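S.K.: Dumping the structure here so I can ask a few things about it.
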Amino acid sequence: MTTPARSVERIAPRRQGNWDWRAAGNFIAGGAGGGLLANATVLAVWLGLDERLPLAAGLVMIGIGLTCVWFEIGRPWRALNVFRHFGSSWMTREAYVALFAMCVGVVAIVYGTLPAVTATGLLGLMFIYAQGRILAANKGIPAWRHPNCLSLVLATGLAEGAGLLALLAWGASWWRYPAALLLLFCLWRLWAWRRYFAALRSDGAPSGTIKAFGDMATMFIWAGNAVPAALVFAAVLMAVPLLVALAGILALAGGWWMKYTLVCRAAFTQGFALPKQPVRGKGQAGPAVKPGWQWSTWLTR
Amino acid sequence: MKRYAMVIDLRRCVGCQTCTAACKSANATPPGVQWRRVLDLESGEFPDVRRSFVPVACMHCANPPCEEVCPTTATKKRADGLVTIDYDICIGCANCIMACPYDARSIVHEPRYAYGSQPIASEAARADDQRIGVATKCTFCKDRIDLAERTGQVPGRDHEVTPACVNSCISGAMHFGDVLDPESNVARLLADNESFRMHEELGTAPSVHYLLDQR
């Protein structure tokens, strides 16, 4: 039983202020870059296409993301210390994956060997996975530690990568293949989003988190996923590659806005709670308090 | 083998914030940074209203999520239960701040002073550049605990080696000691009273216990 409680700063959940657009930039650019590496590799292995340009673009995106983080950290000249905790830190693992992806990716671009291309794609996928695990390990942010968040981050990275690949394929003869990947990953992302948001609401989350996601949900579902999927269908049916490029832009923009929301706007802290209030003098213990959560009764009035 | 813990009797805390002030004084934290603070929880509706005071800080968890996510190994858990930060290694990535469910950590990116852009004499004397751009938090007054190892004094019993907040508590609500020693004050309090740990469901196993009622 939860009773009303006055919402005072830093008792109820509050929006985290330590990771701003620079941290979000890593998830946005790095996630899209990793997705591009994975998508490009699928086409290279599947069709034998020359994917050097997408691979290079994917590596650049990852580099941009990591540069954003470098501008965020408090002691940038010690940044190499990030490699010190492989045993349990997903941030360390992400850094190693990025390093390996850069090295193997350059080999893939220069020599174009299938093993190197395949390894680069797998490393791109691992990079997105590591980003999802970074968020999941952060127990202080309920929206991130939710078990359904990881699949959403993965689906988003792959959808963004497919969107970028669709843009790069504009004017090429093989534009239908990235279109198929874009359709697949947009539908996966749509499913992952609905599953994540529904679970957040039913399991309980800070009310600020629910509001931030609620504000963007309709636009994200339609403009970020449903419309791109419809555009892909239309493009294939009418043989208009321009529509696939447009779908790619929408999928990319939708994913970036969702990730910015996830990292910056919907990232509320845990807040504090009492299982019951202490006995004072000879009185009785009071009921539980947990201010600022979605299912707190004071919020639903 | 020791395992230091803090026991806070919520029946006794009056919300005076003396522990907050003592912590700021002992650790010279800058304006806006409070390693220890006291939550003032008002709840209920007139005429059935309640007010509870809950001192919070780093919980020195047995399973610290901050230590797990730290990419540099700057955050470590000691054998005696204290969770520490090595300011020489920390890169200020703030991942530990996101991992902490207790809002216990802070990063200050530039020096802050109480009165304008220049430090007053006491601030200048205690300024520590090591703490700029890195994560900081309550240390359980680590230097005092380490002193106890050298002198044989007992944290929680001897004031010189007891955290400043515990020493300062005017109502006897805060206690500190080795929870593995059944004769310690904290072990006895936990045996005799109903207690809980904040957000225990997250699996962090905090070392700060709150007393609610007698058993």
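Residue numbering restarts at 1 for every chain of the structure tokens, chains are lettered A, B, ... in their displayed order, and ligands are numbered from 1 as they appear.
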Could you produce a table of the residues of region 106-199 of chain A lying within 12 Å of region 54-75 of chain B, with the nearest pair of atoms per residue and their separation in Å rounded to one decimal, using only C-alpha atoms, ordered by chain and increasing residue number, as a Markdown table?

M.R.:
| residue | atom | partner | partner_atom | distance |
| --- | --- | --- | --- | --- |
| A:Ala130 | CA | B:Val69 | CA | 11.9 |
| A:Arg133 | CA | B:Val69 | CA | 10.0 |
| A:Ile134 | CA | B:Val69 | CA | 7.7 |
| A:Leu135 | CA | B:Val69 | CA | 9.9 |
| A:Ala136 | CA | B:Val69 | CA | 10.2 |
| A:Ala137 | CA | B:Val69 | CA | 6.8 |
| A:Asn138 | CA | B:Pro65 | CA | 7.3 |
| A:Lys139 | CA | B:Pro65 | CA | 6.9 |
| A:Gly140 | CA | B:Pro65 | CA | 8.7 |
| A:Ile141 | CA | B:Pro65 | CA | 11.7 |
| A:Arg145 | CA | B:Pro65 | CA | 11.6 |

S.K.: Would you tabulate, counting only C-alpha atoms, all residues of chain B that have an atom at most 7 Å from an atom of chain A, showing the closest pair of atoms and their distance in Å to one decimal, sorted by chain then ascending number, as CSV?

M.R.:
residue,atom,partner,partner_atom,distance
B:Leu10,CA,A:Pro278,CA,6.0
B:Arg11,CA,A:Arg280,CA,5.4
B:Leu39,CA,A:Ile11,CA,6.6
B:Leu41,CA,A:Arg6,CA,6.7
B:Glu42,CA,A:Arg6,CA,5.3
B:Ser43,CA,A:Ala5,CA,3.8
B:Gly44,CA,A:Pro4,CA,5.2
B:Ser52,CA,A:Gln277,CA,6.8
B:Pro65,CA,A:Lys139,CA,6.9
B:Glu68,CA,A:Ser88,CA,5.5
B:Val69,CA,A:Ser89,CA,4.4
B:Cys70,CA,A:Ser89,CA,5.9
B:Pro71,CA,A:Val82,CA,4.9
B:Thr72,CA,A:Arg84,CA,4.9
B:Thr73,CA,A:His85,CA,5.7
B:Ile89,CA,A:Asn81,CA,6.9
B:Ile91,CA,A:Arg75,CA,4.7
B:Gly92,CA,A:Gly74,CA,4.3
B:Cys93,CA,A:Ile73,CA,4.6
B:Ala94,CA,A:Asn18,CA,6.5
B:Met98,CA,A:Gly140,CA,5.2
B:Ala99,CA,A:Asn138,CA,3.8
B:Cys100,CA,A:Gly140,CA,4.7
B:Pro101,CA,A:Gly140,CA,3.7
B:His109,CA,A:Gly74,CA,6.3
B:Gly133,CA,A:Gly74,CA,4.1
B:Val134,CA,A:Gly74,CA,6.0
B:Leu212,CA,A:Pro278,CA,4.5
B:Asp213,CA,A:Val279,CA,5.9

S.K.: From the options B:Thr18, B:Ser117, B:Ser184, B:Thr139, which residue's atoms come nearest to Gly156 (chain B), counting only C-alpha atoms?

M.R.: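 Of B:Thr18, B:Ser117, B:Ser184, B:Thr139, the one nearest Gly156 (chain B), counting only C-alpha atoms, is B:Ser184.
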
S.K.: Run DSSP on the backbone and grab whatever in region 30-189 of chain A lands in helix (DSSP H, G or I); send it over as a VMD selection string.

M.R.: chain A and resid 30 to 47 52 to 72 76 to 84 90 to 111 114 to 136 142 to 145 149 to 168 176 to 189

S.K.: Kindly save the residues from that selection, with C-alpha atoms included, as a compact mmCIF listing (two decimals), in the first residue's frame.

M.R.:
# COMPACT_ATOMS: atom_id res chain seq x y z
CA GLY A 30 27.68 4.49 -32.52
CA GLY A 31 24.50 2.44 -32.58
CA ALA A 32 23.71 3.47 -36.13
CA GLY A 33 27.32 2.81 -37.15
CA GLY A 34 27.30 -0.65 -35.61
CA GLY A 35 24.00 -1.38 -37.31
CA LEU A 36 25.40 -0.22 -40.63
CA LEU A 37 28.39 -2.55 -40.28
CA ALA A 38 26.09 -5.48 -39.53
CA ASN A 39 23.66 -4.71 -42.36
CA ALA A 40 26.40 -4.09 -44.90
CA THR A 41 28.06 -7.36 -43.98
CA VAL A 42 24.82 -9.27 -44.48
CA LEU A 43 24.60 -7.97 -48.04
CA ALA A 44 28.30 -8.53 -48.69
CA VAL A 45 28.12 -12.14 -47.55
CA TRP A 46 24.69 -12.76 -49.08
CA LEU A 47 25.18 -11.11 -52.46
CA ARG A 52 33.59 -0.86 -48.59
CA LEU A 53 31.77 2.46 -48.51
CA PRO A 54 29.15 1.34 -45.94
CA LEU A 55 31.85 -0.26 -43.82
CA ALA A 56 33.88 2.94 -43.85
CA ALA A 57 30.78 4.98 -43.02
CA GLY A 58 29.92 2.63 -40.15
CA LEU A 59 33.39 2.95 -38.66
CA VAL A 60 33.25 6.73 -38.97
CA MET A 61 29.89 6.75 -37.17
CA ILE A 62 31.32 4.70 -34.32
CA GLY A 63 34.27 7.08 -34.17
CA ILE A 64 31.93 10.08 -34.01
CA GLY A 65 30.03 8.46 -31.14
CA LEU A 66 33.18 7.78 -29.15
CA THR A 67 34.39 11.31 -29.79
CA CYS A 68 31.14 12.61 -28.32
CA VAL A 69 31.83 10.60 -25.17
CA TRP A 70 35.37 11.90 -25.03
CA PHE A 71 33.98 15.42 -24.82
CA GLU A 72 31.63 14.32 -22.03
CA PRO A 76 39.51 13.22 -21.10
CA TRP A 77 43.30 12.87 -21.05
CA ARG A 78 42.94 9.72 -19.00
CA ALA A 79 40.49 8.21 -21.48
CA LEU A 80 42.68 5.14 -22.11
CA ASN A 81 41.90 4.00 -18.56
CA VAL A 82 38.60 2.88 -20.03
CA PHE A 83 40.33 -0.33 -21.10
CA ARG A 84 41.11 -1.45 -17.54
CA TRP A 90 30.36 -3.19 -20.48
CA MET A 91 31.81 0.25 -21.13
CA THR A 92 35.26 -1.34 -21.24
CA ARG A 93 33.97 -4.11 -23.49
CA GLU A 94 32.38 -1.57 -25.79
CA ALA A 95 35.73 0.21 -26.07
CA TYR A 96 37.52 -3.03 -26.94
CA VAL A 97 34.88 -3.94 -29.52
CA ALA A 98 35.25 -0.49 -31.09
CA LEU A 99 39.03 -0.88 -31.20
CA PHE A 100 38.82 -4.31 -32.81
CA ALA A 101 36.14 -3.11 -35.24
CA MET A 102 38.39 -0.25 -36.34
CA CYS A 103 41.37 -2.57 -36.90
CA VAL A 104 39.47 -5.38 -38.62
CA GLY A 105 37.31 -2.89 -40.52
CA VAL A 106 40.34 -1.23 -42.08
CA VAL A 107 41.58 -4.65 -43.21
CA ALA A 108 38.12 -5.39 -44.66
CA ILE A 109 38.04 -2.08 -46.51
CA VAL A 110 41.60 -2.35 -47.87
CA TYR A 111 41.61 -6.05 -48.81
CA LEU A 114 35.25 -12.20 -46.69
CA PRO A 115 36.54 -13.21 -43.23
CA ALA A 116 37.49 -9.61 -42.45
CA VAL A 117 34.16 -8.27 -43.73
CA THR A 118 32.26 -10.88 -41.73
CA ALA A 119 34.24 -10.13 -38.58
CA THR A 120 33.59 -6.41 -39.02
CA GLY A 121 29.86 -7.02 -39.26
CA LEU A 122 29.88 -9.21 -36.17
CA LEU A 123 31.85 -6.58 -34.28
CA GLY A 124 29.27 -3.99 -35.33
CA LEU A 125 26.56 -6.19 -33.88
CA MET A 126 28.59 -6.69 -30.71
CA PHE A 127 29.03 -2.95 -30.42
CA ILE A 128 25.28 -2.39 -30.33
CA TYR A 129 24.89 -5.27 -27.89
CA ALA A 130 27.54 -3.74 -25.62
CA GLN A 131 25.68 -0.43 -25.69
CA GLY A 132 22.49 -2.19 -24.66
CA ARG A 133 24.32 -3.91 -21.82
CA ILE A 134 25.85 -0.60 -20.66
CA LEU A 135 22.34 0.71 -20.17
CA ALA A 136 21.05 -2.52 -18.63
CA PRO A 142 14.74 2.05 -14.01
CA ALA A 143 14.05 2.73 -17.70
CA TRP A 144 17.46 1.33 -18.66
CA ARG A 145 17.66 -1.66 -16.38
CA CYS A 149 15.37 -2.38 -23.03
CA LEU A 150 18.20 -4.45 -24.52
CA SER A 151 16.17 -5.83 -27.41
CA LEU A 152 14.87 -2.33 -28.16
CA VAL A 153 18.42 -0.95 -28.35
CA LEU A 154 19.47 -3.83 -30.61
CA ALA A 155 16.47 -3.45 -32.90
CA THR A 156 16.96 0.29 -33.07
CA GLY A 157 20.63 0.05 -33.98
CA LEU A 158 19.89 -2.45 -36.73
CA ALA A 159 16.97 -0.40 -38.07
CA GLU A 160 19.15 2.71 -38.13
CA GLY A 161 21.91 0.78 -39.87
CA ALA A 162 19.44 -0.49 -42.46
CA GLY A 163 18.18 3.06 -42.90
CA LEU A 164 21.69 4.33 -43.52
CA LEU A 165 22.36 1.48 -45.96
CA ALA A 166 19.13 2.28 -47.79
CA LEU A 167 20.36 5.85 -48.17
CA LEU A 168 23.74 4.71 -49.45
CA ARG A 176 15.76 -3.70 -52.94
CA TYR A 177 18.02 -5.67 -50.58
CA PRO A 178 18.58 -2.92 -47.99
CA ALA A 179 14.87 -2.19 -48.36
CA ALA A 180 14.10 -5.73 -47.23
CA LEU A 181 16.43 -5.37 -44.23
CA LEU A 182 14.89 -2.01 -43.38
CA LEU A 183 11.40 -3.48 -43.41
CA LEU A 184 12.47 -6.39 -41.24
CA PHE A 185 14.20 -4.26 -38.62
CA CYS A 186 11.51 -1.56 -38.53
CA LEU A 187 8.92 -4.22 -37.77
CA TRP A 188 11.17 -5.75 -35.12
CA ARG A 189 11.76 -2.33 -33.59

S.K.: For Arg131 (chain B), please output as an MDAnalysis selection string all residues within 12 Å (counting only C-alpha atoms; exclusion window: fewer than 3 positions along the same chain).

M.R.: (chainID A and resid 74:75) or (chainID B and resid 27:30 33 85:92 106:112 126:128 134:137)

S.K.: Between CA of Ile28 (chain A) and CA of Ser207 (chain A), what distance in Å does the model show, to one decimal?

M.R.: 24.5 Å

S.K.: Nearest to Ser195 (chain B): which of B:Ala21, B:Gln214, B:Pro119, B:Glu183 is it, counting only C-alpha atoms?

M.R.: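 When distances to Ser195 (chain B) are compared using only C-alpha atoms, the smallest one comes from B:Gln214.
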
S.K.: Could you pull out the strand (DSSP E or B) residues of region 143-205 of chain B, going by DSSP on the backbone, and write them as a ChimeraX atom specification?

M.R.: /B:174-178,193-196

S.K.: To one decimal in Å, tell me the separation between CA of Ala125 (chain B) and CA of Asp146 (chain B).

M.R.: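 Going from CA of Ala125 (chain B) over to CA of Asp146 (chain B) covers 23.1 Å.
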
S.K.: So that I can see what lies close to Phe196 (chain B), please list as a compact mmCIF listing (two decimals) with C-alpha atoms, in the first residue's frame the residues with an atom at most 7 Å from it, counting only C-alpha atoms and leaving out residues fewer than 5 positions away in the same chain.

M.R.:
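After the write, around-v3.txt holds the following:
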# COMPACT_ATOMS: atom_id res chain seq x y z
CA HIS B 209 20.42 -0.67 7.67
CA TYR B 210 17.40 1.31 8.80
CA LEU B 211 15.55 0.46 12.00

S.K.: Give me, please, the distance in Å between CA of Ser202 (chain A) and CA of Gln294 (chain A), quoted to one decimal.

M.R.: 9.2 Å
